[in-house]
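Written below as structure tokens is the structure these notes are about.
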Number of protein chains: 2
Amino acid sequence: MTLHDPAEVSARLLSGDIAAGARAIRWLDDRDPRGTTVMAAIYPHTGRAQVVGITGPPGAGKSSLVDALLTVLRQRGLRVGVIAVDPSSPFTGGAILGDRVRMARHTLDPGVFIRSLGTRGQAGGLSRSTDEACLVLDAMGYDLVIVETVGVGQDEIDVVALAHTTVIVVVPGLGDEVQAVKAGLMEAGDVFVVNKADREGAEATARQIALMLHLRAQARSGDGGDVPLLRAVATKGEGIDALADAIAAHRAALESQGGFARRSGRRAREQALALVRDALAERALALAGEEVLDAVERRALDPHAAAARIVAALAPPIRRSVA
Amino acid sequence: MTLHDPAEVSARLLSGDIAAGARAIRWLDDRDPRGTTVMAAIYPHTGRAQVVGITGPPGAGKSSLVDALLTVLRQRGLRVGVIAVDPSSPFTGGAILGDRVRMARHTLDPGVFIRSLGTRGQAGGLSRSTDEACLVLDAMGYDLVIVETVGVGQDEIDVVALAHTTVIVVVPGLGDEVQAVKAGLMEAGDVFVVNKADREGAEATARQIALMLHLRAQARSGDGGDVPLLRAVATKGEGIDALADAIAAHRAALESQGGFARRSGRRAREQALALVRDALAERALALAGEEVLDAVERRALDPHAAAARIVAALAPPIRRSVA
């Protein structure tokens, strides 16, 4: 029962084996070539899970909300995978989000699979790891895959924006700057939740979101004017049934309009392009050579000229059609 | 006096002309080819300004701190450029950070130049725009260029981590999750400021940072153990002189060890590589072709296999040395 063979890992993963799933995610994250073999084997079996991105500013209580949502979804008989994206530091060496400890009780439930991914590495690396983990969980047969991120950086927003359903969590009483950060998320939201709705200022926050949704609907010529705006108190389990309903309704609406497959496709396309960018960036680094970069450092050559020189050396005239 | 000629823009910019600087930044941001011409002309005149990154979690009061710092730096006779990186939304159409309005009073001062950059575009785009704006401000002769970002996303952290001097701003009383986000910044900090230090919990926050700095110094075998940890109340101007002193001391320390030129060089090198990545990503998109991506969408071809096919078509066997 050792898990070293990509064919065995693929087969066991497709039958829902948790150890095999974890192994595949690790291979993909480590860029082990066996991950590529597994991906080829499992990819035709993906595209069924609803990917639900959950994001919002720090302190919005996203982890508590996910925890409460897991309980409700399990009561409804759904199998759920969770990918928690942790801001981590090379210095602390890992995730330190205490809130997530609470979620741990779900790990005894075979219908729930939780994985944390760090944000180590450079911009864009997060999308890659998250997309790949989503595909693994999808192939394992989970009905929903929840991706939770802190929605402040562009990178993190990109991750959830590619979900089938994006849930934006806000809370009353965060400062001006946090409200501004939130604005960067408004465009991506399919469902909005005012969490900690028993706190002072909750109604003002809800009105603010409602106004922004109204403006957004106008900018889109009316499309999306019926976006759900929910209230919840995650720590008391209040409003969570309505959230689960809204997520299910969004899937149903997507499916009735062909949007479910379209969003899956867009996600896969972006993922392929991200892999291309990664591979080319590596190639560029190898190619760049110390001479050109040294000239930039000495200020003998400007960065634009250096980039043009490196790209010219790497990229030949474009050949069309590589299919 | 129209500013359409790159040679004229470059010459006027090098003599400190604000309109010319703004025009160059816009050209570079819009990827107008005239920006590339200006960059070639001004690049040999860069490398003198101290680039100071200021970041921290949302709500830490960074804009107020920058505002107060500007006042002190101007009193010391220094000319200062500021690049404020705003989380912006395609929906709201721009920056909405009310705090920054306060900074506006400095715009009447010819010794201060403030520019806002949006985070529109995809991951990595932020670094490019910011680096280029820094070079323009550097060439204009500002003694310091302050780059202010919300330090949560990897992209935003990457931006400030390449500064000569990185100032991390924290505040008492933010929740667990915000503390975790903060941990992602610990590695990058050269100076730490507990802002809103008159609030309850300020000393506990300072102790927490001191502990993390102690652990960091141990992990680096003692190096960096003397990192300044300051208290400030930006809105009252308290602690700002000490911050200006710490920034000046950090420059002096870097210069005495050759670190100033080393950090400038590393920044320029990263910038050239980022431009290469951008150019190659564009080329890859043009090359990818609909057939391969359609196959991915149909789930007939997995993303890894698709990426390998596109890269093979684009990148020939590596030729060494392109200088």
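Residues in the structure tokens are named by chain (A, B, ... in the order shown) and by number from 1 within that chain; ligands are numbered from 1 in the order shown.
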
Which residues come within 12 Å of range 28-37 of chain A, counting only C-alpha atoms, excluding same-chain residues fewer than 5 positions away, as an mmCIF file with N, CA and C atoms, in the first residue's frame?
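File selection_31.cif, as written:
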```cif
data_model
loop_
_atom_site.group_PDB
_atom_site.id
_atom_site.type_symbol
_atom_site.label_atom_id
_atom_site.label_comp_id
_atom_site.auth_asym_id
_atom_site.auth_seq_id
_atom_site.Cartn_x
_atom_site.Cartn_y
_atom_site.Cartn_z
ATOM 1 N N LEU A 3 2.448 4.519 -1.584
ATOM 2 C CA LEU A 3 1.898 5.406 -2.609
ATOM 3 C C LEU A 3 3.028 6.085 -3.385
ATOM 4 N N HIS A 4 3.740 5.292 -4.169
ATOM 5 C CA HIS A 4 4.826 5.873 -4.956
ATOM 6 C C HIS A 4 4.543 5.819 -6.450
ATOM 7 N N ASP A 5 3.569 5.020 -6.812
ATOM 8 C CA ASP A 5 3.281 4.792 -8.226
ATOM 9 C C ASP A 5 2.144 5.700 -8.694
ATOM 10 N N PRO A 6 2.406 6.570 -9.664
ATOM 11 C CA PRO A 6 1.365 7.516 -10.100
ATOM 12 C C PRO A 6 0.097 6.809 -10.588
ATOM 13 N N ALA A 7 0.237 5.645 -11.229
ATOM 14 C CA ALA A 7 -0.954 4.939 -11.718
ATOM 15 C C ALA A 7 -1.819 4.487 -10.546
ATOM 16 N N GLU A 8 -1.161 3.966 -9.489
ATOM 17 C CA GLU A 8 -1.922 3.516 -8.326
ATOM 18 C C GLU A 8 -2.549 4.705 -7.591
ATOM 19 N N VAL A 9 -1.777 5.782 -7.459
ATOM 20 C CA VAL A 9 -2.309 6.983 -6.801
ATOM 21 C C VAL A 9 -3.527 7.495 -7.567
ATOM 22 N N SER A 10 -3.434 7.523 -8.891
ATOM 23 C CA SER A 10 -4.560 8.003 -9.705
ATOM 24 C C SER A 10 -5.793 7.144 -9.490
ATOM 25 N N ALA A 11 -5.618 5.817 -9.553
ATOM 26 C CA ALA A 11 -6.756 4.906 -9.424
ATOM 27 C C ALA A 11 -7.410 5.048 -8.050
ATOM 28 N N ALA A 20 -4.353 8.972 -1.039
ATOM 29 C CA ALA A 20 -3.922 9.138 -2.433
ATOM 30 C C ALA A 20 -4.130 10.578 -2.895
ATOM 31 N N GLY A 21 -5.241 11.174 -2.490
ATOM 32 C CA GLY A 21 -5.508 12.569 -2.848
ATOM 33 C C GLY A 21 -4.454 13.500 -2.270
ATOM 34 N N ALA A 22 -4.124 13.276 -0.997
ATOM 35 C CA ALA A 22 -3.122 14.113 -0.344
ATOM 36 C C ALA A 22 -1.767 13.961 -1.035
ATOM 37 N N ARG A 23 -1.437 12.734 -1.406
ATOM 38 C CA ARG A 23 -0.171 12.492 -2.088
ATOM 39 C C ARG A 23 -0.117 13.234 -3.432
ATOM 40 N N ILE A 42 -6.292 11.813 -14.245
ATOM 41 C CA ILE A 42 -7.536 12.175 -13.551
ATOM 42 C C ILE A 42 -8.316 13.267 -14.274
ATOM 43 N N TYR A 43 -7.647 14.013 -15.138
ATOM 44 C CA TYR A 43 -8.291 15.195 -15.712
ATOM 45 C C TYR A 43 -9.619 14.905 -16.419
ATOM 46 N N ARG A 115 -7.589 20.787 3.138
ATOM 47 C CA ARG A 115 -6.173 20.950 2.818
ATOM 48 C C ARG A 115 -5.804 22.413 2.938
ATOM 49 N N SER A 116 -4.649 22.692 3.554
ATOM 50 C CA SER A 116 -4.154 24.063 3.601
ATOM 51 C C SER A 116 -3.053 24.245 2.567
ATOM 52 N N LEU A 117 -3.085 25.343 1.883
ATOM 53 C CA LEU A 117 -2.011 25.681 0.954
ATOM 54 C C LEU A 117 -1.403 26.993 1.393
ATOM 55 N N GLY A 118 -0.083 27.078 1.337
ATOM 56 C CA GLY A 118 0.594 28.315 1.716
ATOM 57 C C GLY A 118 0.664 29.257 0.545
ATOM 58 N N THR A 119 1.023 30.517 0.825
ATOM 59 C CA THR A 119 1.184 31.467 -0.270
ATOM 60 C C THR A 119 2.660 31.695 -0.567
ATOM 61 N N ARG A 120 3.499 30.814 -0.032
ATOM 62 C CA ARG A 120 4.932 30.921 -0.349
ATOM 63 C C ARG A 120 5.124 30.951 -1.859
ATOM 64 N N GLY A 121 6.282 31.434 -2.264
ATOM 65 C CA GLY A 121 6.540 31.509 -3.701
ATOM 66 C C GLY A 121 6.074 32.832 -4.229
ATOM 67 N N GLY A 125 1.894 31.903 -8.119
ATOM 68 C CA GLY A 125 2.095 30.532 -7.665
ATOM 69 C C GLY A 125 0.885 29.994 -6.921
ATOM 70 N N LEU A 126 0.211 30.912 -6.246
ATOM 71 C CA LEU A 126 -0.975 30.549 -5.494
ATOM 72 C C LEU A 126 -2.063 29.977 -6.399
ATOM 73 N N SER A 127 -2.319 30.648 -7.506
ATOM 74 C CA SER A 127 -3.351 30.186 -8.428
ATOM 75 C C SER A 127 -3.037 28.773 -8.889
ATOM 76 N N ARG A 128 -1.789 28.551 -9.217
ATOM 77 C CA ARG A 128 -1.411 27.251 -9.735
ATOM 78 C C ARG A 128 -1.702 26.133 -8.727
ATOM 79 N N SER A 129 -1.193 26.292 -7.509
ATOM 80 C CA SER A 129 -1.394 25.258 -6.495
ATOM 81 C C SER A 129 -2.875 25.047 -6.216
ATOM 82 N N THR A 130 -3.614 26.132 -6.119
ATOM 83 C CA THR A 130 -5.025 26.038 -5.778
ATOM 84 C C THR A 130 -5.807 25.350 -6.888
ATOM 85 N N ASP A 131 -5.567 25.735 -8.124
ATOM 86 C CA ASP A 131 -6.269 25.118 -9.246
ATOM 87 C C ASP A 131 -6.014 23.618 -9.278
ATOM 88 N N GLU A 132 -4.769 23.240 -9.042
ATOM 89 C CA GLU A 132 -4.439 21.820 -9.121
ATOM 90 C C GLU A 132 -5.092 21.037 -7.988
ATOM 91 N N ALA A 133 -5.079 21.619 -6.800
ATOM 92 C CA ALA A 133 -5.741 20.950 -5.675
ATOM 93 C C ALA A 133 -7.241 20.817 -5.941
ATOM 94 N N CYS A 134 -7.850 21.840 -6.544
ATOM 95 C CA CYS A 134 -9.273 21.788 -6.898
ATOM 96 C C CYS A 134 -9.547 20.607 -7.834
ATOM 97 N N LEU A 135 -8.693 20.429 -8.821
ATOM 98 C CA LEU A 135 -8.908 19.333 -9.774
ATOM 99 C C LEU A 135 -8.796 17.984 -9.079
ATOM 100 N N VAL A 136 -7.845 17.853 -8.154
ATOM 101 C CA VAL A 136 -7.701 16.590 -7.425
ATOM 102 C C VAL A 136 -8.965 16.313 -6.616
ATOM 103 N N LEU A 275 0.371 27.689 -16.414
ATOM 104 C CA LEU A 275 1.469 26.728 -16.489
ATOM 105 C C LEU A 275 2.464 27.137 -17.576
ATOM 106 N N ASP A 278 4.540 29.982 -16.198
ATOM 107 C CA ASP A 278 5.532 29.453 -15.263
ATOM 108 C C ASP A 278 6.728 28.880 -16.006
ATOM 109 N N ALA A 279 6.421 28.015 -16.988
ATOM 110 C CA ALA A 279 7.489 27.317 -17.700
ATOM 111 C C ALA A 279 8.368 28.311 -18.450
ATOM 112 N N ASP B 302 -5.139 17.545 -20.797
ATOM 113 C CA ASP B 302 -5.041 18.151 -19.471
ATOM 114 C C ASP B 302 -4.136 19.389 -19.529
ATOM 115 N N PRO B 303 -4.265 20.288 -18.546
ATOM 116 C CA PRO B 303 -3.523 21.549 -18.600
ATOM 117 C C PRO B 303 -2.002 21.365 -18.669
ATOM 118 N N HIS B 304 -1.466 20.357 -17.987
ATOM 119 C CA HIS B 304 -0.015 20.138 -18.038
ATOM 120 C C HIS B 304 0.428 19.781 -19.454
ATOM 121 N N ALA B 305 -0.321 18.865 -20.075
ATOM 122 C CA ALA B 305 0.037 18.442 -21.431
ATOM 123 C C ALA B 305 -0.104 19.602 -22.406
ATOM 124 N N ALA B 306 -1.148 20.406 -22.218
ATOM 125 C CA ALA B 306 -1.358 21.558 -23.091
ATOM 126 C C ALA B 306 -0.214 22.555 -22.946
ATOM 127 N N ALA B 307 0.186 22.808 -21.695
ATOM 128 C CA ALA B 307 1.267 23.759 -21.448
ATOM 129 C C ALA B 307 2.566 23.264 -22.080
ATOM 130 N N ALA B 308 2.830 21.980 -21.938
ATOM 131 C CA ALA B 308 4.063 21.413 -22.506
ATOM 132 C C ALA B 308 4.072 21.598 -24.021
#
```

Shell around range 258-261 of chain B at 9 Å using only C-alpha atoms, local window under 3 positions removed, as a VMD selection string: (chain A and resid 297) or (chain B and resid 47 to 48 50 164 251 to 255 264 to 266)

Nearest residue to Thr55 in chain B from the set B:Gly237, B:Val171, B:Ala274, B:Val147 (distances using only C-alpha atoms): B:Val147

Separation of CA of Asp109 in chain A from CA of Arg267 in chain A in Å: 28.8 Å

Distance of CA of Asp241 in chain B from CA of Ser63 in chain B, expressed in Å to one decimal place: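 Between CA of Ser63 in chain B and CA of Asp241 in chain B the gap is 16.3 Å.
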
Per-residue DSSP, range 179-322 of chain B, filtered to helix (DSSP H, G or I), as JSON, numbers by chain: {"B": [179, 180, 181, 182, 183, 184, 185, 186, 202, 203, 204, 205, 206, 207, 208, 209, 210, 211, 212, 213, 214, 215, 216, 217, 218, 219, 234, 235, 236, 240, 241, 242, 243, 244, 245, 246, 247, 248, 249, 250, 251, 252, 253, 254, 255, 256, 259, 260, 261, 262, 263, 264, 265, 266, 267, 268, 269, 270, 271, 272, 273, 274, 275, 276, 277, 278, 279, 280, 281, 282, 283, 284, 285, 286, 287, 288, 289, 290, 291, 292, 293, 294, 295, 296, 297, 303, 304, 305, 306, 307, 308, 309, 310, 311, 312, 313, 314]}

Length of the CA of Pro57 in chain B to CA of Lys196 in chain B vector [Å]: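 So the two atoms, CA of Pro57 in chain B and CA of Lys196 in chain B, lie 13.3 Å apart.
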
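Residues in contact with Leu229 in chain A at up to 7 Å, not including ones fewer than 3 positions away on its chain and judged by only C-alpha atoms, are A:Val191, A:Phe192, A:Val193.
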
Store the residues of this selection in a file with C-alpha atoms, as a compact mmCIF listing (two decimals), in the first residue's frame.
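Output file again38.txt follows:
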```
# COMPACT_ATOMS: atom_id res chain seq x y z
CA VAL A 191 -23.29 35.86 -3.23
CA PHE A 192 -22.67 38.45 -0.49
CA VAL A 193 -22.78 37.71 3.24
```

Close residues, Gly61 in chain A itself excluded, 8 Å, only C-alpha atoms, min 3 positions apart in chain, as JSON, numbers by chain: {"A": [58, 64, 65, 169, 195, 196, 234]}

Any chance you can output those residues with N, CA and C atoms as a PDB file, in the first residue's frame?
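Ended up saving to again-v9.pdb:
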```pdb
ATOM      1  N   PRO A  58      -9.464  40.538   5.933  1.00  0.00           N
ATOM      2  CA  PRO A  58      -9.034  39.883   7.170  1.00  0.00           C
ATOM      3  C   PRO A  58      -9.967  40.280   8.304  1.00  0.00           C
ATOM      4  N   SER A  64     -14.819  30.719  10.302  1.00  0.00           N
ATOM      5  CA  SER A  64     -15.998  30.329  11.079  1.00  0.00           C
ATOM      6  C   SER A  64     -17.168  30.063  10.147  1.00  0.00           C
ATOM      7  N   LEU A  65     -17.295  30.864   9.127  1.00  0.00           N
ATOM      8  CA  LEU A  65     -18.389  30.708   8.174  1.00  0.00           C
ATOM      9  C   LEU A  65     -18.241  29.385   7.412  1.00  0.00           C
ATOM     10  N   VAL A 169     -17.509  37.755   1.848  1.00  0.00           N
ATOM     11  CA  VAL A 169     -17.907  37.935   3.245  1.00  0.00           C
ATOM     12  C   VAL A 169     -17.444  39.305   3.722  1.00  0.00           C
ATOM     13  N   ASN A 195     -21.410  38.980   7.642  1.00  0.00           N
ATOM     14  CA  ASN A 195     -21.204  38.123   8.803  1.00  0.00           C
ATOM     15  C   ASN A 195     -21.169  38.990  10.065  1.00  0.00           C
ATOM     16  N   LYS A 196     -21.258  38.355  11.227  1.00  0.00           N
ATOM     17  CA  LYS A 196     -21.319  39.071  12.506  1.00  0.00           C
ATOM     18  C   LYS A 196     -22.466  40.087  12.457  1.00  0.00           C
ATOM     19  N   ALA A 234     -21.958  33.494  11.981  1.00  0.00           N
ATOM     20  CA  ALA A 234     -21.390  32.162  11.741  1.00  0.00           C
ATOM     21  C   ALA A 234     -21.157  31.406  13.035  1.00  0.00           C
TER      22      ALA A 234
END
```

Selection near Arg277 in chain A, 8 Å with only C-alpha atoms, sequence-local residues under 3 positions removed, as an NGL selection string: (:A and (273-274 or 280-281)) or (:B and (277 or 280-281 or 284))

Once you have the residues from the selection above, write them out as a short mmCIF file (atom, residue, chain, number, x, y, z; two decimals), in the first residue's frame, restricted to N, CA and C atoms.
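For reference, out_36.cif as written:
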```cif
data_model
loop_
_atom_site.label_atom_id
_atom_site.label_comp_id
_atom_site.auth_asym_id
_atom_site.auth_seq_id
_atom_site.Cartn_x
_atom_site.Cartn_y
_atom_site.Cartn_z
N LEU A 273 -2.75 28.31 -19.28
CA LEU A 273 -1.95 29.50 -19.58
C LEU A 273 -1.00 29.84 -18.44
N ALA A 274 -1.46 29.62 -17.20
CA ALA A 274 -0.59 29.89 -16.05
C ALA A 274 0.61 28.95 -16.06
N LEU A 280 7.74 29.31 -19.05
CA LEU A 280 8.50 30.29 -19.82
C LEU A 280 9.33 31.19 -18.91
N ALA A 281 8.79 31.50 -17.74
CA ALA A 281 9.53 32.34 -16.80
C ALA A 281 10.80 31.62 -16.35
N ARG B 277 9.11 38.18 -18.32
CA ARG B 277 7.95 37.31 -18.05
C ARG B 277 6.69 37.85 -18.72
N LEU B 280 6.90 37.32 -22.50
CA LEU B 280 6.73 35.91 -22.87
C LEU B 280 5.30 35.44 -22.66
N ALA B 281 4.67 35.95 -21.62
CA ALA B 281 3.29 35.55 -21.35
C ALA B 281 2.39 36.01 -22.50
N ALA B 284 3.03 33.82 -25.37
CA ALA B 284 2.42 32.51 -25.14
C ALA B 284 0.93 32.54 -25.45
#
```

Contact residues around Ile247 in chain B with only C-alpha atoms at 8 Å, ignoring same-chain residues under 2 positions, as a list in words: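 Selected residues are Val52, Thr165, Val191, Leu243, Ala244, Asp245, Ala249, His250 and Arg251 of chain B.
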
Those residues you just picked out, can you put them in a file as a PDB file, in the first residue's frame with N, CA and C atoms?
```
ATOM      1  N   VAL B  52      11.684  53.548  -0.129  1.00  0.00           N
ATOM      2  CA  VAL B  52      11.187  53.137   1.186  1.00  0.00           C
ATOM      3  C   VAL B  52       9.808  52.512   1.004  1.00  0.00           C
ATOM      4  N   THR B 165      14.572  50.099   1.979  1.00  0.00           N
ATOM      5  CA  THR B 165      14.187  50.092   3.383  1.00  0.00           C
ATOM      6  C   THR B 165      12.698  49.762   3.460  1.00  0.00           C
ATOM      7  N   VAL B 191      12.348  48.145   9.434  1.00  0.00           N
ATOM      8  CA  VAL B 191      11.922  49.010  10.531  1.00  0.00           C
ATOM      9  C   VAL B 191      10.472  48.624  10.859  1.00  0.00           C
ATOM     10  N   LEU B 243      10.924  57.820  13.400  1.00  0.00           N
ATOM     11  CA  LEU B 243      10.790  57.013  12.178  1.00  0.00           C
ATOM     12  C   LEU B 243      11.688  57.564  11.076  1.00  0.00           C
ATOM     13  N   ALA B 244      11.671  58.891  10.910  1.00  0.00           N
ATOM     14  CA  ALA B 244      12.539  59.512   9.897  1.00  0.00           C
ATOM     15  C   ALA B 244      14.010  59.230  10.210  1.00  0.00           C
ATOM     16  N   ASP B 245      14.364  59.268  11.502  1.00  0.00           N
ATOM     17  CA  ASP B 245      15.740  58.953  11.910  1.00  0.00           C
ATOM     18  C   ASP B 245      16.093  57.506  11.550  1.00  0.00           C
ATOM     19  N   ALA B 249      18.990  56.240   9.190  1.00  0.00           N
ATOM     20  CA  ALA B 249      20.032  55.362   9.742  1.00  0.00           C
ATOM     21  C   ALA B 249      20.156  54.091   8.912  1.00  0.00           C
ATOM     22  N   HIS B 250      19.014  53.598   8.431  1.00  0.00           N
ATOM     23  CA  HIS B 250      19.062  52.379   7.615  1.00  0.00           C
ATOM     24  C   HIS B 250      19.784  52.649   6.303  1.00  0.00           C
ATOM     25  N   ARG B 251      19.551  53.819   5.718  1.00  0.00           N
ATOM     26  CA  ARG B 251      20.276  54.157   4.487  1.00  0.00           C
ATOM     27  C   ARG B 251      21.777  54.236   4.765  1.00  0.00           C
TER      28      ARG B 251
END
```

Residue nearest chain A - candidates B:Ala202, B:Val80, B:Val145, B:Met186, atoms counted: only C-alpha atoms: B:Met186

DSSP strand (DSSP E) residues within range 157-305 of chain A, listed as a list of chain:residue names: A:Thr165, A:Thr166, A:Val167, A:Ile168, A:Val169, A:Val170, A:Val191, A:Phe192, A:Val193, A:Val194, A:Leu229, A:Leu230, A:Arg231
